[in-house]
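Here is run12.tsv, consisting of TSV, C-alpha atoms:
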```
chain	number	residue	atom	x	y	z
A	1	ALA	CA	0.00	0.00	0.00
A	2	GLN	CA	1.07	3.56	-0.60
A	3	SER	CA	0.90	6.47	1.82
A	4	VAL	CA	2.27	9.96	2.29
A	5	THR	CA	3.12	12.00	5.35
A	6	GLN	CA	2.90	15.77	5.44
A	7	LEU	CA	4.04	17.36	8.67
A	8	GLY	CA	2.70	20.61	10.03
A	9	SER	CA	-0.92	21.21	9.13
A	10	HIS	CA	-0.42	24.99	9.09
A	11	VAL	CA	2.62	26.68	7.59
A	12	SER	CA	3.22	30.41	7.86
A	13	VAL	CA	5.63	32.11	5.49
A	14	SER	CA	6.51	35.75	4.95
A	15	GLU	CA	5.91	37.29	1.56
A	16	GLY	CA	9.12	36.94	-0.46
A	17	ALA	CA	10.49	34.11	1.69
A	18	LEU	CA	11.12	30.51	0.72
A	19	VAL	CA	8.17	28.16	0.72
A	20	LEU	CA	9.09	24.61	1.77
A	21	LEU	CA	6.48	21.90	2.19
A	22	ARG	CA	7.67	18.43	3.13
A	23	CYS	CA	6.28	15.18	1.81
A	24	ASN	CA	7.57	11.72	2.62
A	25	TYR	CA	6.09	8.69	0.96
A	26	SER	CA	5.84	5.00	1.51
A	27	SER	CA	5.46	2.69	-1.43
A	28	SER	CA	6.19	-0.96	-2.10
A	29	VAL	CA	6.54	-0.27	-5.83
A	30	PRO	CA	8.12	2.61	-7.77
A	31	PRO	CA	5.92	5.60	-7.04
A	32	TYR	CA	4.33	8.33	-9.02
A	33	LEU	CA	4.07	11.46	-6.88
A	34	PHE	CA	1.86	14.51	-7.15
A	35	TRP	CA	1.38	17.89	-5.54
A	36	TYR	CA	-2.06	19.46	-5.72
A	37	VAL	CA	-3.18	22.92	-4.59
A	38	GLN	CA	-6.62	23.87	-3.34
A	39	TYR	CA	-7.68	27.51	-3.23
A	40	PRO	CA	-10.55	28.45	-0.92
A	41	ASN	CA	-13.89	26.96	-1.93
A	42	GLN	CA	-12.43	25.31	-5.02
A	43	GLY	CA	-11.46	21.85	-6.17
A	44	LEU	CA	-7.90	20.54	-6.36
A	45	GLN	CA	-5.59	21.63	-9.13
A	46	LEU	CA	-2.42	19.84	-10.17
A	47	LEU	CA	0.81	21.73	-9.38
A	48	LEU	CA	3.30	19.15	-10.61
A	49	LYS	CA	3.97	15.43	-10.81
A	50	TYR	CA	6.85	12.98	-10.82
A	51	THR	CA	6.53	9.99	-13.13
A	52	SER	CA	10.05	8.50	-13.14
A	53	ALA	CA	11.58	10.93	-15.60
A	54	ALA	CA	13.63	13.87	-14.26
A	55	THR	CA	13.96	13.91	-10.47
A	56	LEU	CA	13.60	17.71	-10.34
A	57	VAL	CA	10.11	18.59	-11.46
A	58	LYS	CA	8.95	22.08	-12.28
A	59	GLY	CA	5.32	23.00	-11.97
A	60	ILE	CA	3.01	25.93	-12.31
A	61	ASN	CA	3.27	29.24	-10.44
A	62	GLY	CA	7.01	28.88	-9.83
A	63	PHE	CA	6.82	25.72	-7.72
A	64	GLU	CA	9.18	22.79	-8.05
A	65	ALA	CA	9.79	19.51	-6.25
A	66	GLU	CA	12.66	17.07	-6.09
A	67	PHE	CA	12.24	13.31	-5.91
A	68	LYS	CA	14.82	11.71	-3.60
A	69	LYS	CA	14.51	7.96	-3.54
A	70	SER	CA	17.11	7.52	-0.78
A	71	GLU	CA	15.09	9.80	1.49
A	72	THR	CA	11.66	8.71	0.20
A	73	SER	CA	10.83	12.38	-0.13
A	74	PHE	CA	9.18	14.73	-2.60
A	75	HIS	CA	9.40	18.17	-0.98
A	76	LEU	CA	7.76	21.17	-2.63
A	77	THR	CA	9.55	24.52	-2.83
A	78	LYS	CA	9.10	28.00	-4.18
A	79	PRO	CA	11.92	30.54	-3.81
A	80	SER	CA	9.75	33.56	-3.09
A	81	ALA	CA	6.25	33.39	-1.62
A	82	HIS	CA	3.49	35.54	-3.04
A	83	MET	CA	0.23	36.46	-1.37
A	84	SER	CA	-1.59	34.43	-4.01
A	85	ASP	CA	0.17	31.26	-2.77
A	86	ALA	CA	-2.11	31.16	0.27
A	87	ALA	CA	-3.93	27.86	-0.16
A	88	GLU	CA	-3.94	24.26	0.98
A	89	TYR	CA	-1.39	21.92	-0.56
A	90	PHE	CA	-1.69	18.15	-0.82
A	91	CYS	CA	0.93	15.56	-1.64
A	92	ALA	CA	-0.31	12.29	-3.17
A	93	VAL	CA	1.21	8.98	-4.26
A	94	ARG	CA	0.17	6.07	-6.42
A	95	GLY	CA	1.90	2.88	-7.38
A	96	ALA	CA	3.41	3.05	-10.85
A	97	TYR	CA	2.06	-0.33	-11.87
A	98	TYR	CA	-1.45	0.06	-10.54
A	99	GLY	CA	-3.95	0.27	-13.35
A	100	ASN	CA	-6.67	2.04	-11.45
A	101	ASN	CA	-4.86	5.34	-10.84
A	102	ARG	CA	-5.83	5.33	-7.18
A	103	LEU	CA	-4.14	8.12	-5.25
A	104	ALA	CA	-3.33	8.22	-1.55
A	105	PHE	CA	-3.35	11.79	-0.25
A	106	GLY	CA	-1.56	13.36	2.67
A	107	LYS	CA	-3.47	15.43	5.20
A	108	GLY	CA	-2.46	18.68	3.62
A	109	ASN	CA	-0.59	21.87	4.53
A	110	GLN	CA	-2.53	25.10	4.95
A	111	VAL	CA	-0.16	27.86	3.83
A	112	VAL	CA	-0.61	31.35	5.21
A	113	VAL	CA	1.41	34.15	3.63
A	114	ILE	CA	2.25	37.05	5.93
A	115	PRO	CA	2.66	40.46	4.29
B	116	ASN	CA	-14.81	21.92	-22.15
B	117	ALA	CA	-16.54	22.23	-18.82
B	118	GLY	CA	-14.19	19.63	-17.31
B	119	VAL	CA	-15.63	17.98	-14.20
B	120	THR	CA	-18.91	19.35	-12.87
B	121	GLN	CA	-20.78	18.44	-9.71
B	122	THR	CA	-24.42	18.86	-8.77
B	123	PRO	CA	-25.54	20.21	-6.33
B	124	LYS	CA	-23.02	22.66	-4.89
B	125	PHE	CA	-24.54	22.63	-1.42
B	126	ARG	CA	-27.15	20.55	0.33
B	127	VAL	CA	-28.62	20.22	3.81
B	128	LEU	CA	-30.15	16.89	4.81
B	129	LYS	CA	-31.83	15.58	7.89
B	130	THR	CA	-30.62	12.35	9.43
B	131	GLY	CA	-32.12	9.40	7.59
B	132	GLN	CA	-32.83	11.22	4.37
B	133	SER	CA	-31.36	10.05	1.09
B	134	MET	CA	-29.79	11.92	-1.78
B	135	THR	CA	-27.70	11.48	-4.90
B	136	LEU	CA	-24.70	13.54	-5.92
B	137	LEU	CA	-24.04	13.78	-9.62
B	138	CYS	CA	-20.64	14.04	-11.26
B	139	ALA	CA	-20.23	14.63	-14.97
B	140	GLN	CA	-17.09	14.90	-17.10
B	141	ASP	CA	-16.77	15.82	-20.75
B	142	MET	CA	-13.15	14.70	-21.28
B	143	ASN	CA	-13.94	11.11	-22.28
B	144	HIS	CA	-12.07	9.84	-19.22
B	145	GLU	CA	-12.23	6.17	-18.33
B	146	TYR	CA	-11.64	6.50	-14.60
B	147	MET	CA	-13.77	8.39	-12.11
B	148	TYR	CA	-13.53	8.79	-8.34
B	149	TRP	CA	-15.47	10.06	-5.35
B	150	TYR	CA	-13.59	11.52	-2.38
B	151	ARG	CA	-14.63	13.13	0.84
B	152	GLN	CA	-12.61	15.89	2.47
B	153	ASP	CA	-12.71	16.51	6.20
B	154	PRO	CA	-10.60	18.98	8.19
B	155	GLY	CA	-7.18	17.55	9.03
B	156	MET	CA	-7.92	14.30	7.17
B	157	GLY	CA	-6.97	15.16	3.61
B	158	LEU	CA	-8.95	13.45	0.88
B	159	ARG	CA	-10.19	9.93	1.34
B	160	LEU	CA	-11.40	7.76	-1.51
B	161	ILE	CA	-14.98	6.52	-1.17
B	162	HIS	CA	-15.56	4.61	-4.40
B	163	TYR	CA	-14.10	4.62	-7.87
B	164	SER	CA	-14.81	3.32	-11.34
B	165	VAL	CA	-12.43	2.12	-14.03
B	166	GLY	CA	-15.04	2.16	-16.77
B	167	GLU	CA	-18.69	2.27	-17.66
B	168	GLY	CA	-20.65	-0.29	-15.68
B	169	THR	CA	-17.86	-0.98	-13.18
B	170	THR	CA	-17.38	0.29	-9.63
B	171	ALA	CA	-15.11	-0.57	-6.74
B	172	LYS	CA	-14.74	0.32	-3.07
B	173	GLY	CA	-12.18	2.77	-1.87
B	174	GLU	CA	-10.91	3.58	1.58
B	175	VAL	CA	-14.19	4.66	3.23
B	176	PRO	CA	-17.12	3.11	1.32
B	177	ASP	CA	-19.55	2.40	4.17
B	178	GLY	CA	-22.84	4.26	3.92
B	179	TYR	CA	-22.38	5.12	0.24
B	180	ASN	CA	-23.31	3.53	-3.06
B	181	VAL	CA	-22.29	4.47	-6.58
B	182	SER	CA	-23.29	3.82	-10.16
B	183	ARG	CA	-21.60	4.39	-13.52
B	184	LEU	CA	-24.28	3.72	-16.09
B	185	LYS	CA	-22.79	6.14	-18.59
B	186	LYS	CA	-19.12	6.79	-19.16
B	187	GLN	CA	-19.46	10.49	-18.51
B	188	ASN	CA	-21.45	10.26	-15.27
B	189	PHE	CA	-20.63	8.91	-11.83
B	190	LEU	CA	-23.33	9.05	-9.15
B	191	LEU	CA	-22.78	8.90	-5.41
B	192	GLY	CA	-25.75	7.90	-3.27
B	193	LEU	CA	-26.43	8.21	0.42
B	194	GLU	CA	-29.33	5.92	1.32
B	195	SER	CA	-29.75	7.05	4.93
B	196	ALA	CA	-27.69	10.11	5.75
B	197	ALA	CA	-25.89	10.38	9.08
B	198	PRO	CA	-24.24	13.42	10.71
B	199	SER	CA	-20.85	11.69	10.22
B	200	GLN	CA	-21.37	12.13	6.50
B	201	THR	CA	-21.21	15.90	6.81
B	202	SER	CA	-18.29	16.68	4.55
B	203	VAL	CA	-17.16	18.19	1.28
B	204	TYR	CA	-17.41	15.68	-1.55
B	205	PHE	CA	-15.16	15.85	-4.58
B	206	CYS	CA	-15.42	13.98	-7.81
B	207	ALA	CA	-12.41	13.44	-10.04
B	208	SER	CA	-11.67	11.80	-13.34
B	209	SER	CA	-8.60	10.64	-15.23
B	210	TYR	CA	-7.66	9.09	-18.53
B	211	SER	CA	-5.59	6.00	-18.17
B	212	PRO	CA	-4.18	4.23	-21.17
B	213	ARG	CA	-3.02	0.72	-20.54
B	214	GLY	CA	0.23	0.93	-18.61
B	215	GLY	CA	-0.55	4.57	-17.90
B	216	ALA	CA	2.20	6.88	-16.71
B	217	GLY	CA	0.79	8.79	-13.79
B	218	GLU	CA	-2.26	10.30	-15.41
B	219	THR	CA	-3.51	13.45	-13.72
B	220	GLN	CA	-6.78	13.39	-11.84
B	221	TYR	CA	-9.01	16.36	-12.63
B	222	PHE	CA	-11.27	17.52	-9.83
B	223	GLY	CA	-14.70	19.05	-9.72
B	224	PRO	CA	-15.52	22.09	-7.56
B	225	GLY	CA	-17.02	20.02	-4.75
B	226	THR	CA	-20.36	19.56	-3.01
B	227	ARG	CA	-20.81	20.71	0.58
B	228	LEU	CA	-23.14	18.42	2.47
B	229	LEU	CA	-24.50	19.14	5.93
B	230	VAL	CA	-26.42	16.40	7.71
B	231	LEU	CA	-28.40	17.56	10.71
```

Re-express the file's structure as structure tokens.
Amino acid sequence: AQSVTQLGSHVSVSEGALVLLRCNYSSSVPPYLFWYVQYPNQGLQLLLKYTSAATLVKGINGFEAEFKKSETSFHLTKPSAHMSDAAEYFCAVRGAYYGNNRLAFGKGNQVVVIP
Amino acid sequence: NAGVTQTPKFRVLKTGQSMTLLCAQDMNHEYMYWYRQDPGMGLRLIHYSVGEGTTAKGEVPDGYNVSRLKKQNFLLGLESAAPSQTSVYFCASSYSPRGGAGETQYFGPGTRLLVL
């Protein structure tokens, strides 16, 4: 079975500072990994995904994440936070060989950007 | 393309009442999913479907039923609503070719359900 751990339900970051959201995964097979963002009162939107190609993945809105197999991690970063980055962020994993595309989500990080 | 749409957006039920949530997608996706989102719990999979006429249980299926009579629609039913089913429900869909490489799930805007 696959699972992800996201620590720190609420993350506060100053405008212009580094955004770092941590995701550690557990998977018995090679994983595919995803980061989704949810703005208030909206559905989830894909930020980026890792599917066994390049380990450094660039996504939308200046976000990127690096897959580190040795650390079983897929942390999300953005060099400079913007007020519009205030949202909830979810890491998710699925097994690469599973044909049903089932995702296991972490509990999410609520990001607050301080002016 | 409208993408994934959900009906209704908000609903209040009394304990014991029944209702059906409708999800529709216009992307010709094979796979569809129903999740519930609760504070501090992330998203949990209720049921999913890998094609028209097929459904399967997810992580938290108790108290829910689903049907996929048409490829573009995925219905979630609550036969006898309970306060524990107060939640935000999201539908998602994805296209998955055989041996698919991490196909993205596309989410609807959600349905807020309050069970009194």

Taking all atoms listed in the file into account, produce a table as a Markdown table in which each residue of chain A with an atom at most 6 Å from an atom of chain B appears once, together with its shortest atom pair and the distance in Å to one decimal, ordered by chain and rising number.
```
| residue | atom | partner | partner_atom | distance |
| --- | --- | --- | --- | --- |
| A:Tyr32 | CA | B:Gly217 | CA | 6.0 |
| A:Gln42 | CA | B:Pro224 | CA | 5.1 |
| A:Gly43 | CA | B:Pro224 | CA | 4.3 |
| A:Leu44 | CA | B:Phe222 | CA | 5.7 |
| A:Thr51 | CA | B:Gly217 | CA | 5.9 |
| A:Phe105 | CA | B:Leu158 | CA | 5.9 |
| A:Gly106 | CA | B:Gly157 | CA | 5.8 |
| A:Lys107 | CA | B:Gly157 | CA | 3.9 |
| A:Gly108 | CA | B:Gly157 | CA | 5.7 |
```

Please determine the residues with any atom at most 6 Å from (9.3, 31.7, 0.0) (coordinates as given in the file, with all atoms listed in the file counting) and report them as a PyMOL selection string. chain A and resi 16-19+78-81

Neighbours of B:Met142 within 7 Å (only C-alpha atoms; same-chain residues fewer than 2 positions away dropped), as an mmCIF file with C-alpha atoms, keeping the file's coordinate frame?
```
data_model
loop_
_atom_site.group_PDB
_atom_site.id
_atom_site.type_symbol
_atom_site.label_atom_id
_atom_site.label_comp_id
_atom_site.auth_asym_id
_atom_site.auth_seq_id
_atom_site.Cartn_x
_atom_site.Cartn_y
_atom_site.Cartn_z
ATOM 1 C CA GLY B 118 -14.190 19.630 -17.310
ATOM 2 C CA GLN B 140 -17.090 14.900 -17.100
ATOM 3 C CA HIS B 144 -12.070 9.840 -19.220
#
```

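From atom CA of A:Gln45 back to atom CA of B:Leu193, the distance works out to 26.6 Å.
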
Which polymer residues, whether protein, DNA or RNA, lie within 12 Å of the coordinate (-24.8, 4.4, -2.5) when you count all atoms listed in the file? List them as a list in words, using the chain letters and numbers from the file. Ser133, Met134, Thr135, Leu136, Leu137, Trp149, Ile161, His162, Tyr163, Thr170, Ala171, Lys172, Pro176, Asp177, Gly178, Tyr179, Asn180, Val181, Ser182, Arg183, Phe189, Leu190, Leu191, Gly192, Leu193, Glu194, Ser195 and Ala196 of chain B

With C-alpha atoms retained, could you export that selection as an mmCIF file, keeping the file's coordinate frame?
```
data_model
loop_
_atom_site.group_PDB
_atom_site.id
_atom_site.type_symbol
_atom_site.label_atom_id
_atom_site.label_comp_id
_atom_site.auth_asym_id
_atom_site.auth_seq_id
_atom_site.Cartn_x
_atom_site.Cartn_y
_atom_site.Cartn_z
ATOM 1 C CA SER B 133 -31.360 10.050 1.090
ATOM 2 C CA MET B 134 -29.790 11.920 -1.780
ATOM 3 C CA THR B 135 -27.700 11.480 -4.900
ATOM 4 C CA LEU B 136 -24.700 13.540 -5.920
ATOM 5 C CA LEU B 137 -24.040 13.780 -9.620
ATOM 6 C CA TRP B 149 -15.470 10.060 -5.350
ATOM 7 C CA ILE B 161 -14.980 6.520 -1.170
ATOM 8 C CA HIS B 162 -15.560 4.610 -4.400
ATOM 9 C CA TYR B 163 -14.100 4.620 -7.870
ATOM 10 C CA THR B 170 -17.380 0.290 -9.630
ATOM 11 C CA ALA B 171 -15.110 -0.570 -6.740
ATOM 12 C CA LYS B 172 -14.740 0.320 -3.070
ATOM 13 C CA PRO B 176 -17.120 3.110 1.320
ATOM 14 C CA ASP B 177 -19.550 2.400 4.170
ATOM 15 C CA GLY B 178 -22.840 4.260 3.920
ATOM 16 C CA TYR B 179 -22.380 5.120 0.240
ATOM 17 C CA ASN B 180 -23.310 3.530 -3.060
ATOM 18 C CA VAL B 181 -22.290 4.470 -6.580
ATOM 19 C CA SER B 182 -23.290 3.820 -10.160
ATOM 20 C CA ARG B 183 -21.600 4.390 -13.520
ATOM 21 C CA PHE B 189 -20.630 8.910 -11.830
ATOM 22 C CA LEU B 190 -23.330 9.050 -9.150
ATOM 23 C CA LEU B 191 -22.780 8.900 -5.410
ATOM 24 C CA GLY B 192 -25.750 7.900 -3.270
ATOM 25 C CA LEU B 193 -26.430 8.210 0.420
ATOM 26 C CA GLU B 194 -29.330 5.920 1.320
ATOM 27 C CA SER B 195 -29.750 7.050 4.930
ATOM 28 C CA ALA B 196 -27.690 10.110 5.750
#
```

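Counting only C-alpha atoms and comparing B:Ser202, B:Lys185, B:Ala197, B:Leu229, the residue that lies closest to B:Gly131 is B:Ala197.
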
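Note that the spacing between atom CA of A:Arg94 and atom CA of A:Leu56 amounts to 18.2 Å.
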
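Among the candidates A:Leu20, A:Ile60, A:Val112, A:Leu33, the one nearest to A:Thr72 when counting only C-alpha atoms is A:Leu33.
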
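Minimum distance to B:Ala117 across B:Thr169, B:Thr130, B:Ser199, B:Asn143 (counting only C-alpha atoms) occurs at B:Asn143.
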
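Going from atom CA of B:Cys138 to atom CA of A:Leu47 covers 22.9 Å.
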
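All residues of protein, DNA or RNA that reach within 8 Å of A:Ala1, judged by only C-alpha atoms and not counting those fewer than 3 positions away in the chain, are Ser26, Ser27 and Ser28 of chain A.
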
Restore all heavy atoms in stretch 17-28 of chain A and list the result as an mmCIF file, in the frame of the given file.
```cif
data_model
loop_
_atom_site.group_PDB
_atom_site.id
_atom_site.type_symbol
_atom_site.label_atom_id
_atom_site.label_comp_id
_atom_site.auth_asym_id
_atom_site.auth_seq_id
_atom_site.Cartn_x
_atom_site.Cartn_y
_atom_site.Cartn_z
ATOM 1 N N ALA A 17 9.643 35.150 1.094
ATOM 2 C CA ALA A 17 10.490 34.110 1.690
ATOM 3 C C ALA A 17 10.281 32.770 0.991
ATOM 4 O O ALA A 17 9.325 32.585 0.240
ATOM 5 C CB ALA A 17 10.191 33.974 3.185
ATOM 6 N N LEU A 18 11.195 31.844 1.295
ATOM 7 C CA LEU A 18 11.120 30.510 0.720
ATOM 8 C C LEU A 18 9.915 29.746 1.248
ATOM 9 O O LEU A 18 9.631 29.750 2.446
ATOM 10 C CB LEU A 18 12.403 29.733 1.067
ATOM 11 C CG LEU A 18 12.422 28.241 0.709
ATOM 12 C CD1 LEU A 18 12.546 28.063 -0.801
ATOM 13 C CD2 LEU A 18 13.560 27.528 1.440
ATOM 14 N N VAL A 19 9.227 29.084 0.327
ATOM 15 C CA VAL A 19 8.170 28.160 0.720
ATOM 16 C C VAL A 19 8.734 26.748 0.642
ATOM 17 O O VAL A 19 9.288 26.345 -0.389
ATOM 18 C CB VAL A 19 6.945 28.261 -0.224
ATOM 19 C CG1 VAL A 19 5.866 27.266 0.197
ATOM 20 C CG2 VAL A 19 6.396 29.685 -0.240
ATOM 21 N N LEU A 20 8.624 25.998 1.734
ATOM 22 C CA LEU A 20 9.090 24.610 1.770
ATOM 23 C C LEU A 20 8.014 23.755 2.415
ATOM 24 O O LEU A 20 7.692 23.955 3.590
ATOM 25 C CB LEU A 20 10.398 24.481 2.538
ATOM 26 C CG LEU A 20 10.856 23.040 2.850
ATOM 27 C CD1 LEU A 20 11.083 22.250 1.566
ATOM 28 C CD2 LEU A 20 12.125 23.058 3.698
ATOM 29 N N LEU A 21 7.458 22.832 1.664
ATOM 30 C CA LEU A 21 6.480 21.900 2.190
ATOM 31 C C LEU A 21 7.031 20.491 2.030
ATOM 32 O O LEU A 21 7.405 20.092 0.933
ATOM 33 C CB LEU A 21 5.137 22.036 1.451
ATOM 34 C CG LEU A 21 4.505 23.426 1.473
ATOM 35 C CD1 LEU A 21 3.208 23.424 0.676
ATOM 36 C CD2 LEU A 21 4.271 23.894 2.885
ATOM 37 N N ARG A 22 7.031 19.746 3.128
ATOM 38 C CA ARG A 22 7.670 18.430 3.130
ATOM 39 C C ARG A 22 6.675 17.316 2.880
ATOM 40 O O ARG A 22 5.561 17.324 3.408
ATOM 41 C CB ARG A 22 8.387 18.194 4.455
ATOM 42 C CG ARG A 22 9.468 19.207 4.752
ATOM 43 C CD ARG A 22 10.124 18.947 6.101
ATOM 44 N NE ARG A 22 11.042 20.019 6.462
ATOM 45 C CZ ARG A 22 12.300 20.091 6.070
ATOM 46 N NH1 ARG A 22 12.810 19.133 5.319
ATOM 47 N NH2 ARG A 22 13.064 21.099 6.452
ATOM 48 N N CYS A 23 7.103 16.354 2.086
ATOM 49 C CA CYS A 23 6.280 15.180 1.810
ATOM 50 C C CYS A 23 7.199 13.955 1.810
ATOM 51 O O CYS A 23 8.174 13.906 1.068
ATOM 52 C CB CYS A 23 5.591 15.310 0.457
ATOM 53 S SG CYS A 23 4.714 13.827 -0.086
ATOM 54 N N ASN A 24 6.867 12.996 2.632
ATOM 55 C CA ASN A 24 7.570 11.720 2.620
ATOM 56 C C ASN A 24 6.573 10.629 2.255
ATOM 57 O O ASN A 24 5.438 10.643 2.731
ATOM 58 C CB ASN A 24 8.211 11.434 3.982
ATOM 59 C CG ASN A 24 9.414 12.315 4.221
ATOM 60 O OD1 ASN A 24 9.291 13.413 4.762
ATOM 61 N ND2 ASN A 24 10.553 11.846 3.786
ATOM 62 N N TYR A 25 7.003 9.700 1.449
ATOM 63 C CA TYR A 25 6.090 8.690 0.960
ATOM 64 C C TYR A 25 6.524 7.301 1.373
ATOM 65 O O TYR A 25 7.675 7.069 1.725
ATOM 66 C CB TYR A 25 5.972 8.766 -0.569
ATOM 67 C CG TYR A 25 7.229 8.309 -1.277
ATOM 68 C CD1 TYR A 25 7.409 6.983 -1.649
ATOM 69 C CD2 TYR A 25 8.238 9.215 -1.563
ATOM 70 C CE1 TYR A 25 8.567 6.562 -2.270
ATOM 71 C CE2 TYR A 25 9.407 8.807 -2.185
ATOM 72 C CZ TYR A 25 9.558 7.486 -2.536
ATOM 73 O OH TYR A 25 10.716 7.059 -3.141
ATOM 74 N N SER A 26 5.574 6.401 1.311
ATOM 75 C CA SER A 26 5.840 5.000 1.510
ATOM 76 C C SER A 26 5.197 4.245 0.362
ATOM 77 O O SER A 26 4.023 4.460 0.066
ATOM 78 C CB SER A 26 5.247 4.528 2.850
ATOM 79 O OG SER A 26 5.340 3.123 2.964
ATOM 80 N N SER A 27 5.997 3.431 -0.304
ATOM 81 C CA SER A 27 5.460 2.690 -1.430
ATOM 82 C C SER A 27 6.247 1.408 -1.633
ATOM 83 O O SER A 27 7.470 1.427 -1.606
ATOM 84 C CB SER A 27 5.517 3.546 -2.705
ATOM 85 O OG SER A 27 5.031 2.826 -3.822
ATOM 86 N N SER A 28 5.545 0.334 -1.888
ATOM 87 C CA SER A 28 6.190 -0.960 -2.100
ATOM 88 C C SER A 28 6.596 -1.144 -3.558
ATOM 89 O O SER A 28 7.290 -2.103 -3.892
ATOM 90 C CB SER A 28 5.244 -2.090 -1.677
ATOM 91 O OG SER A 28 4.014 -1.980 -2.369
#
```
